[in-house]
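Asks: Data: upload35.cif, mmCIF, C-alpha atoms and all ligand atoms.
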```cif
data_coords
loop_
_atom_site.label_atom_id
_atom_site.label_comp_id
_atom_site.auth_asym_id
_atom_site.auth_seq_id
_atom_site.Cartn_x
_atom_site.Cartn_y
_atom_site.Cartn_z
CA TYR O 872 -38.55 35.43 -31.36
CA VAL O 873 -39.33 38.88 -32.71
CA GLY O 874 -41.75 37.53 -35.25
CA GLY O 875 -43.56 40.26 -37.08
CA ASP O 876 -44.61 43.23 -35.06
CA ALA O 877 -42.84 44.89 -32.24
CA ASP O 878 -43.63 48.10 -30.45
CA LEU O 879 -40.97 50.51 -31.60
CA TYR O 880 -39.44 53.19 -29.40
CA GLN O 881 -36.99 55.83 -30.62
CA LEU O 882 -34.58 56.56 -27.85
CA PRO O 883 -31.84 59.04 -28.74
CA VAL O 884 -29.17 59.26 -26.05
CA ARG O 885 -28.37 62.92 -25.72
CA ALA O 886 -27.54 65.76 -23.41
CA GLY O 887 -30.42 67.67 -21.89
CA THR O 888 -31.31 69.62 -18.80
CA THR O 889 -33.56 69.03 -15.84
CA GLU O 890 -34.73 71.15 -12.95
CA ILE O 891 -33.59 69.60 -9.68
CA LEU O 892 -33.18 72.81 -7.69
CA PRO O 893 -36.04 75.27 -8.28
CA GLY O 894 -35.30 77.57 -11.21
CA VAL O 895 -31.88 76.05 -11.95
CA ALA O 896 -31.20 74.05 -15.11
CA THR O 897 -29.02 71.02 -14.38
CA PRO O 898 -27.19 69.49 -17.37
CA VAL O 899 -27.87 65.77 -17.64
CA LEU O 900 -27.49 62.88 -20.04
CA GLY O 901 -30.68 61.14 -20.84
CA PHE O 902 -32.62 58.74 -22.95
CA ASP O 903 -34.46 61.22 -25.12
CA GLY O 904 -32.54 63.83 -23.12
CA ARG O 905 -34.60 63.13 -20.01
CA PHE O 906 -32.98 62.74 -16.59
CA VAL O 907 -35.22 59.77 -15.89
CA GLY O 908 -35.83 58.11 -19.24
CA PRO O 909 -39.33 57.44 -20.55
CA THR O 910 -41.11 54.53 -18.87
CA ILE O 911 -41.48 51.73 -21.40
CA ARG O 912 -44.56 49.54 -20.95
CA ALA O 913 -44.30 46.13 -22.54
CA ARG O 914 -46.70 43.27 -22.75
CA ARG O 915 -45.63 39.66 -22.28
CA GLY O 916 -45.42 37.90 -25.64
CA ARG O 917 -45.12 41.07 -27.67
CA ALA O 918 -41.67 42.28 -28.63
CA VAL O 919 -40.35 45.76 -28.05
CA ALA O 920 -37.70 47.31 -30.26
CA LEU O 921 -35.61 50.26 -29.14
CA GLN O 922 -33.90 52.32 -31.77
CA VAL O 923 -31.06 54.06 -30.01
CA THR O 924 -29.00 56.83 -31.58
CA ASN O 925 -25.90 57.86 -29.72
CA GLN O 926 -25.76 61.64 -29.81
CA LEU O 927 -22.99 61.80 -27.21
CA GLY O 928 -19.29 62.22 -27.95
CA HIS O 929 -18.43 58.84 -26.40
CA PRO O 930 -19.74 55.27 -26.48
CA THR O 931 -22.95 54.28 -24.78
CA ASN O 932 -25.30 51.32 -24.88
CA VAL O 933 -28.52 50.03 -23.35
CA HIS O 934 -28.90 47.08 -21.01
CA LEU O 935 -32.32 45.80 -20.00
CA HIS O 936 -31.70 44.99 -16.35
CA GLY O 937 -33.62 41.86 -15.33
CA GLY O 938 -34.61 41.12 -18.90
CA PHE O 939 -34.53 37.69 -20.50
CA VAL O 940 -32.79 38.88 -23.64
CA PRO O 941 -30.46 37.20 -26.18
CA PRO O 942 -26.80 38.19 -25.82
CA ALA O 943 -26.71 40.31 -28.97
CA HIS O 944 -29.39 42.57 -27.47
CA ASP O 945 -28.33 42.49 -23.84
CA GLY O 946 -26.08 45.54 -23.84
CA HIS O 947 -22.90 43.65 -22.95
CA PRO O 948 -20.35 46.19 -21.63
CA MET O 949 -18.12 45.67 -24.67
CA ASP O 950 -20.99 45.90 -27.16
CA VAL O 951 -21.36 49.64 -27.43
CA ILE O 952 -22.82 52.20 -29.80
CA ALA O 953 -20.19 54.52 -31.27
CA PRO O 954 -20.82 58.27 -31.23
CA GLY O 955 -23.20 59.14 -34.04
CA ALA O 956 -24.25 55.53 -34.65
CA THR O 957 -27.72 54.03 -34.34
CA ARG O 958 -28.61 50.51 -33.35
CA SER O 959 -31.70 48.56 -32.51
CA TYR O 960 -32.33 46.38 -29.51
CA ALA O 961 -35.13 43.84 -29.64
CA TYR O 962 -36.63 42.51 -26.43
CA PRO O 963 -38.82 39.40 -26.66
CA ASN O 964 -40.72 39.94 -23.36
CA LEU O 965 -41.13 36.22 -22.77
CA GLN O 966 -40.91 36.53 -19.01
CA GLN O 967 -43.66 37.13 -16.47
CA ALA O 968 -44.88 40.59 -15.50
CA ALA O 969 -42.09 42.46 -13.74
CA THR O 970 -40.57 45.83 -12.93
CA LEU O 971 -37.35 46.03 -14.92
CA TRP O 972 -35.20 48.99 -15.78
CA TYR O 973 -32.87 49.98 -18.57
CA HIS O 974 -29.58 51.77 -18.24
CA ASP O 975 -26.26 52.44 -19.90
CA HIS O 976 -23.67 49.67 -19.53
CA ALA O 977 -20.70 50.93 -21.58
CA HIS O 978 -17.62 49.60 -19.80
CA HIS O 979 -15.88 52.11 -17.51
CA MET O 980 -18.57 54.66 -18.34
CA GLU O 981 -21.61 53.08 -16.74
CA ALA O 982 -21.19 54.66 -13.31
CA GLU O 983 -20.98 58.20 -14.66
CA HIS O 984 -23.60 57.59 -17.33
CA ILE O 985 -26.14 56.17 -14.90
CA TYR O 986 -25.33 58.95 -12.45
CA ARG O 987 -25.96 61.62 -15.07
CA GLY O 988 -29.33 60.18 -16.00
CA LEU O 989 -29.12 57.17 -18.32
CA HIS O 990 -31.72 55.17 -16.44
CA GLY O 991 -35.43 54.47 -16.88
CA PHE O 992 -38.20 51.99 -16.08
CA TYR O 993 -39.27 49.09 -18.26
CA LEU O 994 -42.48 47.46 -17.07
CA ILE O 995 -43.77 44.14 -18.36
CA SER O 996 -47.41 43.24 -17.77
CA ASP O 997 -49.27 40.02 -18.49
CA ASP O 998 -52.72 38.44 -18.19
CA ALA O 999 -52.07 36.67 -14.88
CA GLU O 1000 -51.01 39.91 -13.26
CA GLN O 1001 -53.89 41.85 -14.76
CA ALA O 1002 -56.44 39.32 -13.53
CA LEU O 1003 -55.40 40.11 -9.96
CA GLY O 1004 -56.98 43.57 -10.15
CA LEU O 1005 -54.11 45.41 -8.44
CA PRO O 1006 -54.17 49.21 -8.58
CA SER O 1007 -53.48 50.26 -12.17
CA GLY O 1008 -53.28 53.28 -14.45
CA GLN O 1009 -52.65 56.47 -12.47
CA TYR O 1010 -52.65 54.38 -9.27
CA ASP O 1011 -49.62 52.35 -10.40
CA VAL O 1012 -46.60 54.60 -9.94
CA PRO O 1013 -42.93 53.78 -10.67
CA ILE O 1014 -40.50 55.67 -8.42
CA LEU O 1015 -36.81 55.75 -9.25
CA LEU O 1016 -34.78 56.50 -6.14
CA ARG O 1017 -31.17 57.59 -6.22
CA ASP O 1018 -28.82 60.11 -4.72
CA ALA O 1019 -26.74 62.90 -6.17
CA LEU O 1020 -24.17 65.52 -5.25
CA ILE O 1021 -25.40 68.80 -6.64
CA GLY O 1022 -22.95 71.67 -7.05
CA ALA O 1023 -23.77 75.29 -6.18
CA ASP O 1024 -24.42 75.96 -9.88
CA GLY O 1025 -26.89 73.07 -10.04
CA SER O 1026 -24.52 70.69 -11.80
CA LEU O 1027 -24.34 66.99 -10.96
CA VAL O 1028 -20.89 66.48 -9.44
CA PHE O 1029 -19.39 63.10 -10.24
CA ASP O 1030 -16.26 61.72 -8.64
CA PRO O 1031 -15.73 58.04 -9.41
CA ALA O 1032 -13.60 57.60 -6.29
CA ASP O 1033 -16.30 58.99 -3.99
CA ALA O 1034 -16.94 56.24 -1.46
CA ASP O 1035 -19.69 58.10 0.42
CA ASN O 1036 -23.35 58.36 -0.31
CA ARG O 1037 -24.18 61.48 -2.27
CA PRO O 1038 -26.13 63.77 0.02
CA THR O 1039 -29.27 64.58 -1.97
CA VAL O 1040 -31.86 61.85 -2.41
CA LEU O 1041 -33.97 62.16 -5.56
CA ALA O 1042 -37.25 60.46 -6.32
CA ASN O 1043 -38.02 60.52 -10.04
CA GLY O 1044 -35.38 63.23 -10.35
CA LYS O 1045 -36.71 65.57 -7.64
CA PRO O 1046 -35.54 66.09 -4.06
CA GLN O 1047 -38.27 64.95 -1.65
CA PRO O 1048 -41.26 65.39 -3.94
CA TYR O 1049 -44.79 65.15 -2.66
CA LEU O 1050 -47.29 63.18 -4.64
CA ARG O 1051 -50.94 64.09 -4.28
CA VAL O 1052 -52.86 60.91 -3.64
CA ALA O 1053 -56.46 59.94 -3.10
CA ALA O 1054 -57.48 58.04 0.03
CA ARG O 1055 -57.33 54.66 -1.69
CA ARG O 1056 -54.92 51.88 -2.60
CA TYR O 1057 -51.81 52.49 -4.77
CA ARG O 1058 -49.16 50.29 -6.25
CA PHE O 1059 -45.62 51.68 -6.19
CA ARG O 1060 -42.66 50.22 -8.03
CA LEU O 1061 -39.49 51.22 -6.22
CA LEU O 1062 -36.07 51.07 -7.85
CA ASN O 1063 -32.70 51.96 -6.39
CA GLY O 1064 -30.74 53.60 -9.20
CA SER O 1065 -27.96 54.91 -6.94
CA LEU O 1066 -24.28 54.15 -7.35
CA HIS O 1067 -23.88 52.89 -3.80
CA ARG O 1068 -26.55 54.19 -1.45
CA ILE O 1069 -28.53 51.44 0.24
CA PHE O 1070 -32.10 52.49 0.96
CA ARG O 1071 -33.97 51.25 4.02
CA LEU O 1072 -37.44 52.54 3.37
CA ARG O 1073 -40.15 52.86 5.99
CA LEU O 1074 -43.48 54.63 6.23
CA ASP O 1075 -44.00 57.14 9.04
CA ARG O 1076 -47.64 55.98 9.26
CA GLY O 1077 -49.68 53.27 7.64
CA GLN O 1078 -48.48 49.90 6.41
CA LEU O 1079 -46.11 48.93 3.63
CA ILE O 1080 -47.26 45.77 1.90
CA GLN O 1081 -44.66 44.25 -0.37
CA ILE O 1082 -46.07 42.46 -3.41
CA GLY O 1083 -43.09 42.03 -5.70
CA THR O 1084 -39.34 41.64 -6.06
CA ASP O 1085 -36.96 42.23 -8.99
CA GLY O 1086 -38.42 39.65 -11.34
CA GLY O 1087 -42.14 39.64 -10.61
CA LEU O 1088 -44.89 39.41 -8.05
CA LEU O 1089 -44.57 37.43 -4.82
CA PRO O 1090 -46.80 34.41 -4.14
CA ALA O 1091 -48.60 36.45 -1.48
CA PRO O 1092 -48.55 40.03 -0.20
CA VAL O 1093 -46.40 40.52 2.88
CA ALA O 1094 -46.65 43.29 5.47
CA VAL O 1095 -43.15 44.66 6.02
CA SER O 1096 -41.71 47.25 8.37
CA GLU O 1097 -38.91 48.10 5.98
CA VAL O 1098 -37.93 47.64 2.35
CA LYS O 1099 -34.18 47.47 1.82
CA LEU O 1100 -32.90 48.18 -1.67
CA THR O 1101 -29.27 48.00 -2.74
CA PRO O 1102 -28.31 49.50 -6.10
CA GLY O 1103 -30.18 47.80 -8.95
CA GLU O 1104 -32.84 46.15 -6.78
CA ARG O 1105 -36.57 46.72 -7.10
CA ALA O 1106 -39.48 46.12 -4.81
CA GLU O 1107 -43.17 46.56 -5.49
CA VAL O 1108 -45.36 47.72 -2.65
CA VAL O 1109 -49.00 48.55 -2.06
CA ILE O 1110 -49.94 51.40 0.24
CA ASP O 1111 -53.58 51.89 1.16
CA PHE O 1112 -54.26 55.52 2.05
CA ALA O 1113 -57.94 54.77 2.73
CA GLY O 1114 -57.44 54.95 6.50
CA GLN O 1115 -55.77 58.38 6.33
CA PRO O 1116 -57.87 61.52 6.75
CA VAL O 1117 -57.75 64.03 3.92
CA GLY O 1118 -54.94 66.47 4.67
CA THR O 1119 -52.59 63.82 6.04
CA ARG O 1120 -49.05 63.64 4.74
CA VAL O 1121 -47.62 60.13 4.67
CA VAL O 1122 -43.85 60.00 4.30
CA LEU O 1123 -41.69 57.24 2.91
CA GLU O 1124 -38.39 57.76 4.65
CA ASP O 1125 -34.91 56.38 4.65
CA THR O 1126 -32.49 56.42 7.57
CA SER O 1127 -31.23 59.69 6.01
CA GLY O 1128 -34.65 61.37 6.09
CA PRO O 1129 -37.75 61.81 3.92
CA VAL O 1130 -37.56 60.30 0.44
CA VAL O 1131 -41.00 60.89 -0.98
CA GLY O 1132 -44.23 62.09 0.57
CA PHE O 1133 -47.85 61.43 -0.19
CA ASP O 1134 -50.40 64.17 0.48
CA VAL O 1135 -53.86 62.72 0.87
CA VAL O 1136 -55.93 65.32 -0.96
CA GLY O 1137 -59.28 63.63 -1.46
CA THR O 1138 -61.25 60.49 -1.62
CA ALA O 1139 -61.79 58.27 -4.63
CA THR O 1140 -63.63 55.10 -5.39
CA ASP O 1141 -61.36 52.12 -5.30
CA ASP O 1142 -62.18 49.13 -7.44
CA SER O 1143 -58.69 47.65 -7.10
CA ARG O 1144 -58.03 44.48 -5.18
CA LEU O 1145 -55.18 43.09 -3.15
CA PRO O 1146 -55.77 39.32 -3.30
CA ASP O 1147 -54.31 36.98 -0.67
CA ARG O 1148 -52.60 35.01 -3.42
CA LEU O 1149 -50.59 36.65 -6.18
CA ILE O 1150 -48.31 34.75 -8.59
CA PRO O 1151 -47.14 31.31 -7.42
CA LEU O 1152 -43.43 30.50 -7.38
CA PRO O 1153 -42.46 27.20 -8.98
CA ALA O 1154 -40.68 24.62 -6.84
CA LEU O 1155 -36.91 24.83 -7.10
CA PRO O 1156 -35.35 22.19 -9.34
CA THR O 1157 -32.34 20.28 -8.02
CA ALA O 1158 -29.04 22.02 -8.68
CA THR O 1159 -26.22 19.99 -10.18
CA VAL O 1160 -23.38 22.52 -10.10
CA THR O 1161 -22.11 24.75 -7.29
CA ARG O 1162 -19.77 27.68 -7.81
CA ASP O 1163 -18.01 29.95 -5.32
CA LEU O 1164 -17.50 33.63 -5.89
CA ALA O 1165 -15.55 35.87 -3.53
CA LEU O 1166 -16.04 39.61 -3.79
CA SER O 1167 -13.15 41.68 -2.47
CA PHE O 1168 -11.44 45.02 -2.69
CA ASP O 1169 -7.72 44.85 -3.37
CA PRO O 1170 -6.15 47.97 -1.81
CA ALA O 1171 -2.74 47.32 -3.41
CA LYS O 1172 -4.21 47.52 -6.91
CA VAL O 1173 -7.10 49.81 -5.96
CA ALA O 1174 -9.25 47.23 -7.71
CA PHE O 1175 -12.47 45.47 -6.97
CA THR O 1176 -12.22 41.78 -7.73
CA ILE O 1177 -14.19 38.55 -8.06
CA ASN O 1178 -12.13 35.53 -7.02
CA GLY O 1179 -9.07 37.77 -7.02
CA GLN O 1180 -9.44 38.87 -10.63
CA THR O 1181 -10.65 42.01 -12.29
CA TYR O 1182 -12.91 41.89 -15.32
CA ASP O 1183 -11.35 40.75 -18.57
CA ALA O 1184 -13.66 40.65 -21.56
CA THR O 1185 -11.50 38.03 -23.28
CA ARG O 1186 -11.84 35.59 -20.40
CA VAL O 1187 -14.81 33.36 -19.64
CA ASP O 1188 -15.12 32.92 -15.89
CA ALA O 1189 -18.12 30.62 -15.76
CA ARG O 1190 -19.08 28.22 -18.53
CA VAL O 1191 -22.60 26.96 -18.01
CA VAL O 1192 -24.40 24.29 -19.99
CA ASN O 1193 -27.77 25.51 -21.26
CA GLY O 1194 -30.55 24.15 -19.09
CA THR O 1195 -28.40 23.52 -16.01
CA THR O 1196 -29.51 24.54 -12.54
CA GLU O 1197 -26.66 25.91 -10.46
CA ILE O 1198 -26.08 27.25 -6.98
CA TRP O 1199 -23.78 30.25 -6.74
CA ARG O 1200 -22.29 30.93 -3.34
CA VAL O 1201 -21.28 34.58 -3.18
CA THR O 1202 -19.13 35.81 -0.29
CA ASN O 1203 -18.21 39.38 0.54
CA LEU O 1204 -14.70 39.31 2.04
CA ASP O 1205 -14.53 43.04 2.71
CA THR O 1206 -14.85 43.05 6.47
CA ARG O 1207 -11.68 45.04 6.94
CA PHE O 1208 -12.99 48.11 5.12
CA ASN O 1209 -16.61 47.18 5.73
CA ILE O 1210 -17.58 47.55 2.08
CA ASP O 1211 -21.05 46.51 1.01
CA HIS O 1212 -21.56 44.77 -2.32
CA ASP O 1213 -24.43 43.26 -4.13
CA PHE O 1214 -24.56 40.63 -6.81
CA HIS O 1215 -26.32 40.85 -10.17
CA LEU O 1216 -26.61 38.24 -12.88
CA HIS O 1217 -27.67 39.00 -16.45
CA MET O 1218 -30.10 36.94 -18.56
CA ILE O 1219 -32.05 35.07 -15.91
CA GLN O 1220 -33.88 35.61 -12.66
CA PHE O 1221 -32.62 33.59 -9.71
CA ARG O 1222 -33.87 32.71 -6.25
CA LEU O 1223 -32.15 33.51 -2.99
CA LEU O 1224 -31.66 30.28 -1.03
CA ASP O 1225 -30.13 31.68 2.12
CA ARG O 1226 -27.85 34.25 3.70
CA ASP O 1227 -25.32 32.66 6.04
CA GLY O 1228 -27.61 29.67 6.22
CA VAL O 1229 -30.73 31.69 7.09
CA PRO O 1230 -33.59 31.40 4.60
CA PRO O 1231 -34.74 34.67 3.03
CA ALA O 1232 -37.45 36.81 4.58
CA PRO O 1233 -40.70 36.61 2.55
CA GLY O 1234 -39.90 39.95 0.88
CA GLU O 1235 -36.73 38.48 -0.65
CA ALA O 1236 -38.11 35.04 -1.43
CA GLY O 1237 -39.35 35.85 -4.94
CA TRP O 1238 -37.57 36.18 -8.28
CA LYS O 1239 -34.39 38.20 -7.94
CA ASP O 1240 -31.64 39.39 -10.23
CA THR O 1241 -29.74 41.46 -7.66
CA VAL O 1242 -29.09 40.65 -4.00
CA HIS O 1243 -27.31 42.41 -1.19
CA VAL O 1244 -24.10 40.76 0.01
CA PRO O 1245 -23.13 42.54 3.24
CA PRO O 1246 -19.51 42.47 4.46
CA GLY O 1247 -18.54 39.05 5.81
CA SER O 1248 -21.66 37.28 4.64
CA THR O 1249 -22.32 34.55 2.13
CA VAL O 1250 -25.47 34.38 0.03
CA ARG O 1251 -26.49 31.35 -1.95
CA VAL O 1252 -28.59 31.89 -5.05
CA GLN O 1253 -29.98 29.30 -7.39
CA ALA O 1254 -30.47 29.83 -11.10
CA THR O 1255 -31.59 27.72 -14.02
CA PHE O 1256 -29.68 28.86 -17.08
CA SER O 1257 -32.06 27.93 -19.80
CA GLY O 1258 -32.79 29.93 -22.84
CA PHE O 1259 -30.21 31.84 -24.77
CA THR O 1260 -26.63 30.77 -25.35
CA GLY O 1261 -23.71 33.15 -25.47
CA ARG O 1262 -21.86 35.58 -23.26
CA TYR O 1263 -23.27 37.68 -20.48
CA VAL O 1264 -21.77 39.40 -17.46
CA TYR O 1265 -22.36 39.19 -13.75
CA HIS O 1266 -21.14 41.79 -11.33
CA CYS O 1267 -21.53 43.85 -8.23
CA HIS O 1268 -24.19 46.46 -9.03
CA PHE O 1269 -22.40 49.28 -7.25
CA PRO O 1270 -21.34 50.63 -10.67
CA GLU O 1271 -18.14 52.15 -9.34
CA HIS O 1272 -17.11 48.66 -8.20
CA SER O 1273 -18.02 46.92 -11.45
CA SER O 1274 -16.21 49.52 -13.52
CA PHE O 1275 -13.13 49.04 -11.29
CA GLY O 1276 -13.15 45.31 -12.01
CA MET O 1277 -15.85 43.60 -9.93
CA MET O 1278 -17.43 41.99 -12.95
CA ALA O 1279 -16.95 38.65 -14.69
CA GLN O 1280 -18.19 36.79 -17.70
CA LEU O 1281 -20.57 33.91 -18.08
CA GLU O 1282 -20.91 31.83 -21.21
CA VAL O 1283 -23.95 29.66 -21.71
CA VAL O 1284 -23.08 26.88 -24.14
CU1 LIG O 1301 -28.20 46.74 -14.14
CU2 LIG O 1301 -25.16 44.55 -15.68
O1 LIG O 1301 -26.68 45.67 -14.92
CU CU O 1302 -28.44 43.71 -15.59
CU CU O 1303 -19.46 46.17 -4.84
#
```
Could you quickly redo this structure as structure tokens?
Replies:
Amino acid sequence: YVGGDADLYQLPVRAGTTEILPGVATPVLGFDGRFVGPTIRARRGRAVALQVTNQLGHPTNVHLHGGFVPPAHDGHPMDVIAPGATRSYAYPNLQQAATLWYHDHAHHMEAEHIYRGLHGFYLISDDAEQALGLPSGQYDVPILLRDALIGADGSLVFDPADADNRPTVLANGKPQPYLRVAARRYRFRLLNGSLHRIFRLRLDRGQLIQIGTDGGLLPAPVAVSEVKLTPGERAEVVIDFAGQPVGTRVVLEDTSGPVVGFDVVGTATDDSRLPDRLIPLPALPTATVTRDLALSFDPAKVAFTINGQTYDATRVDARVVNGTTEIWRVTNLDTRFNIDHDFHLHMIQFRLLDRDGVPPAPGEAGWKDTVHVPPGSTVRVQATFSGFTGRYVYHCHFPEHSSFGMMAQLEVV
């Protein structure tokens, strides 16, 4: 699948610093030493190769979240890069245009590694998307949202047992940044890279129009009052600042306060479009297998489990025949402690069928690889496992839960 050429990226994983608080250098871990790794722009049908050198003193690896990638290149939690070693990942980019991201997935380290900065965007474009004429170039802006606990000395404080949201919300590594915008249409790609904060994003003025989910564009734009993102999820939105007078500040806010602001500083011509129809969703094939997964916290073992078990790399929890369409019914049993979870599957994009029997809102009806599973609820997702054979993982994408066991293994045979 990586016939001939690929676009090659060198991505050393190393320590670096970033400025979160003004004038204070915060030590981070980063792809290329950057707190938010470089945005990789891929084109459908053209492979990308990452050459990753581990310059840390402990194992790391790279997982392309949402990517249709063969198992040897998926960044399985047990498939790590030893300190000092270099390895290459090849991504075929066979899937439709989508907002993906890449992050560390080294088992038991992923929560801290992601927290300290091993995360970045990976954007796939294609002809069908380009023909739509959506805002592009400088008007197409990825925004990585996450929280952090910042010590008095500027350091990122990490406590794996911390069950609370970290207090400082960062957008592309900065607390409440303001982006200068022209009074025209923009496309924003929003990603929740937090360890467990759930964002509920609203605009203080103007209209949020959602155009995409984890795995690509929706069939049609949808006006939404709120975009909810659990860790790992993405949403693409369009905001048109054309109605806002120059000098206006438009704020994207969470229940906790402002997240990112947009200062309308001038006018600009706008040759972008927002068509009524975007990328059609295929009809769902009939599923032939149903599986049940129960997510629960086990206080006696201080473990997070799936069907009562913690992750064991030597065990295969779901054996799936290549090409089969399956329904996975995922239930969050943690009503007693009221613990939120979400559910993420590697290798393929799935579709959300319903939550407690209720069909998804239009903003969740597209291609997904991560869905929220609130306490006491059951979500049904449908996936067609066709493509690569081999072992992948599925897990809760609150990394502190997956590293404490809430992860399992899938084998496509
Ligand atoms: Cu975003 Cu298994 O990962
Ligand atoms: Cu993933
Ligand atoms: Cu969880």
Asks: Mind listing the residues within 8 Å of ligand LIG 1301 (chain O), all atoms listed in the file counted, as a ChimeraX atom specification?
Replies: /O:934-937,947-948,972-974,976,1103,1215-1217,1264-1266,1268
Asks: Keeping C-alpha atoms for every residue in the selection just given, could you write it to a file as a compact mmCIF listing (two decimals), keeping the file's coordinate frame?
Replies:
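So part-v3.txt came out as:
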```
# COMPACT_ATOMS: atom_id res chain seq x y z
CA HIS O 934 -28.90 47.08 -21.01
CA LEU O 935 -32.32 45.80 -20.00
CA HIS O 936 -31.70 44.99 -16.35
CA GLY O 937 -33.62 41.86 -15.33
CA HIS O 947 -22.90 43.65 -22.95
CA PRO O 948 -20.35 46.19 -21.63
CA TRP O 972 -35.20 48.99 -15.78
CA TYR O 973 -32.87 49.98 -18.57
CA HIS O 974 -29.58 51.77 -18.24
CA HIS O 976 -23.67 49.67 -19.53
CA GLY O 1103 -30.18 47.80 -8.95
CA HIS O 1215 -26.32 40.85 -10.17
CA LEU O 1216 -26.61 38.24 -12.88
CA HIS O 1217 -27.67 39.00 -16.45
CA VAL O 1264 -21.77 39.40 -17.46
CA TYR O 1265 -22.36 39.19 -13.75
CA HIS O 1266 -21.14 41.79 -11.33
CA HIS O 1268 -24.19 46.46 -9.03
```
Asks: Please find the residues contacting ligand CU 1303 (chain O) at a distance of at most 6 Å between atoms, with all atoms listed in the file counted, and report them as a list of chain:residue names.
Replies: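 Protein and nucleic-acid residues within 6 Å of ligand CU 1303 (chain O): O:His1212, O:Asp1213, O:Cys1267, O:Phe1269, O:His1272.
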Asks: What would the file look like if the residues just selected were written as a PDB file, in the frame of the given file with C-alpha atoms?
Replies:
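This went into out11.pdb:
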```pdb
ATOM      1  CA  HIS O1212     -21.560  44.770  -2.320  1.00  0.00           C
ATOM      2  CA  ASP O1213     -24.430  43.260  -4.130  1.00  0.00           C
ATOM      3  CA  CYS O1267     -21.530  43.850  -8.230  1.00  0.00           C
ATOM      4  CA  PHE O1269     -22.400  49.280  -7.250  1.00  0.00           C
ATOM      5  CA  HIS O1272     -17.110  48.660  -8.200  1.00  0.00           C
TER       6      HIS O1272
END
```
Asks: For O:Val1187, which residue among O:Asp878, O:Asp1024, O:Asp1033, O:Glu1282 is the nearest when counting only C-alpha atoms?
Replies: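 Counting only C-alpha atoms, the residue closest to O:Val1187 is O:Glu1282.
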Asks: As a ChimeraX atom specification, please: the residues near stretch 1049-1052 of chain O (cut-off 10 Å, only C-alpha atoms, same-chain neighbours under 4 positions excluded).
Replies: /O:1009-1010,1042,1045,1056-1057,1112,1117,1120-1122,1130-1139
Asks: Hey, could you pull the box centre and edge lengths for stretch 962-973 of chain O, axis-aligned, 8 Å padding per side, all listed atoms, to one decimal in Å, as lines of an AutoDock Vina configuration file?
Replies:
```
center_x = -38.9
center_y = 43.1
center_z = -19.8
size_x = 28.0
size_y = 29.8
size_z = 29.7
```
Asks: Please determine, counting all atoms listed in the file, which residue among O:Ala1032, O:Leu1066, O:Ala943, O:Ala1184 has the shortest atom-to-atom distance to O:Gly1261.
Replies: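 Once distances to O:Gly1261 are computed over all atoms listed in the file, the minimum belongs to O:Ala943.
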Asks: Using all atoms listed in the file, can you tell me which of O:Leu1061, O:Val940, O:Leu1005, O:Ile911 comes closest to ligand CU 1302 (chain O)?
Replies: O:Val940
Asks: Hey, which of O:Ser1167, O:Asn964, O:Gln881, O:Gln1047 ends up closest to O:Gly908? Count only C-alpha atoms.
Replies: O:Gln881
Asks: Mind checking which residues fall within 7 Å of O:Thr1181, counting only C-alpha atoms, ignoring those fewer than 4 positions away in the same chain, and posting them as an MDAnalysis selection string?
Replies: chainID O and resid 1175:1177 1276:1278
Asks: Grab the atom CA of O:Gly991 to atom CA of O:Val1095 distance for me, in Å with one decimal place.
Replies: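 Value for the atom CA of O:Gly991-atom CA of O:Val1095 distance: 26.1 Å.
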Asks: Extract, using only C-alpha atoms, all DNA, RNA and protein residues at most 9 Å from stretch 1089-1093 of chain O, discarding same-chain residues fewer than 2 positions from it, and format them as a list of chain:residue names.
Replies: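 In the requested format, the answer is O:Leu1079, O:Ile1080, O:Gln1081, O:Ile1082, O:Gly1083, O:Thr1084, O:Gly1087, O:Val1095, O:Val1108, O:Val1109, O:Leu1145, O:Pro1146, O:Asp1147, O:Arg1148, O:Leu1149, O:Ile1150, O:Pro1151, O:Leu1152, O:Pro1233, O:Gly1234, O:Glu1235, O:Ala1236, O:Gly1237, O:Trp1238.
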Asks: Please provide as a VMD selection string all residues within 9 Å of O:Thr1126, with the sequence filter that same-chain residues fewer than 5 positions apart are discarded (counting only C-alpha atoms).
Replies: chain O and resid 1070 to 1073
Asks: In Å to one decimal, how far is atom CA of O:Leu882 from atom CA of O:Ala896?
Replies: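 Going from atom CA of O:Ala896 over to atom CA of O:Leu882, I get 21.9 Å.
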Asks: Enter the distance from atom CA of O:Leu892 to atom CA of O:Ile1021, in Å, rounded to one decimal.
Replies: 8.8 Å
Asks: Considering all atoms listed in the file, state which residue in the set O:Thr1119, O:Thr1241, O:Thr1202, O:Asn1178 is at the smallest distance from ligand CU 1302 (chain O).
Replies: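 Of all the options, O:Thr1241 lies closest to ligand CU 1302 (chain O).
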Asks: With all atoms listed in the file as the counted atoms, please give the residues lying no more than 12 Å from O:Arg1207, apart from itself and same-chain residues fewer than 5 positions off, as number ranges by chain.
Replies: O: 1167-1170, 1246-1247
Asks: Can you write just those residues out, C-alpha atoms, as a PDB file, in the coordinates of the input?
Replies:
```
ATOM      1  CA  SER O1167     -13.150  41.680  -2.470  1.00  0.00           C
ATOM      2  CA  PHE O1168     -11.440  45.020  -2.690  1.00  0.00           C
ATOM      3  CA  ASP O1169      -7.720  44.850  -3.370  1.00  0.00           C
ATOM      4  CA  PRO O1170      -6.150  47.970  -1.810  1.00  0.00           C
ATOM      5  CA  PRO O1246     -19.510  42.470   4.460  1.00  0.00           C
ATOM      6  CA  GLY O1247     -18.540  39.050   5.810  1.00  0.00           C
TER       7      GLY O1247
END
```
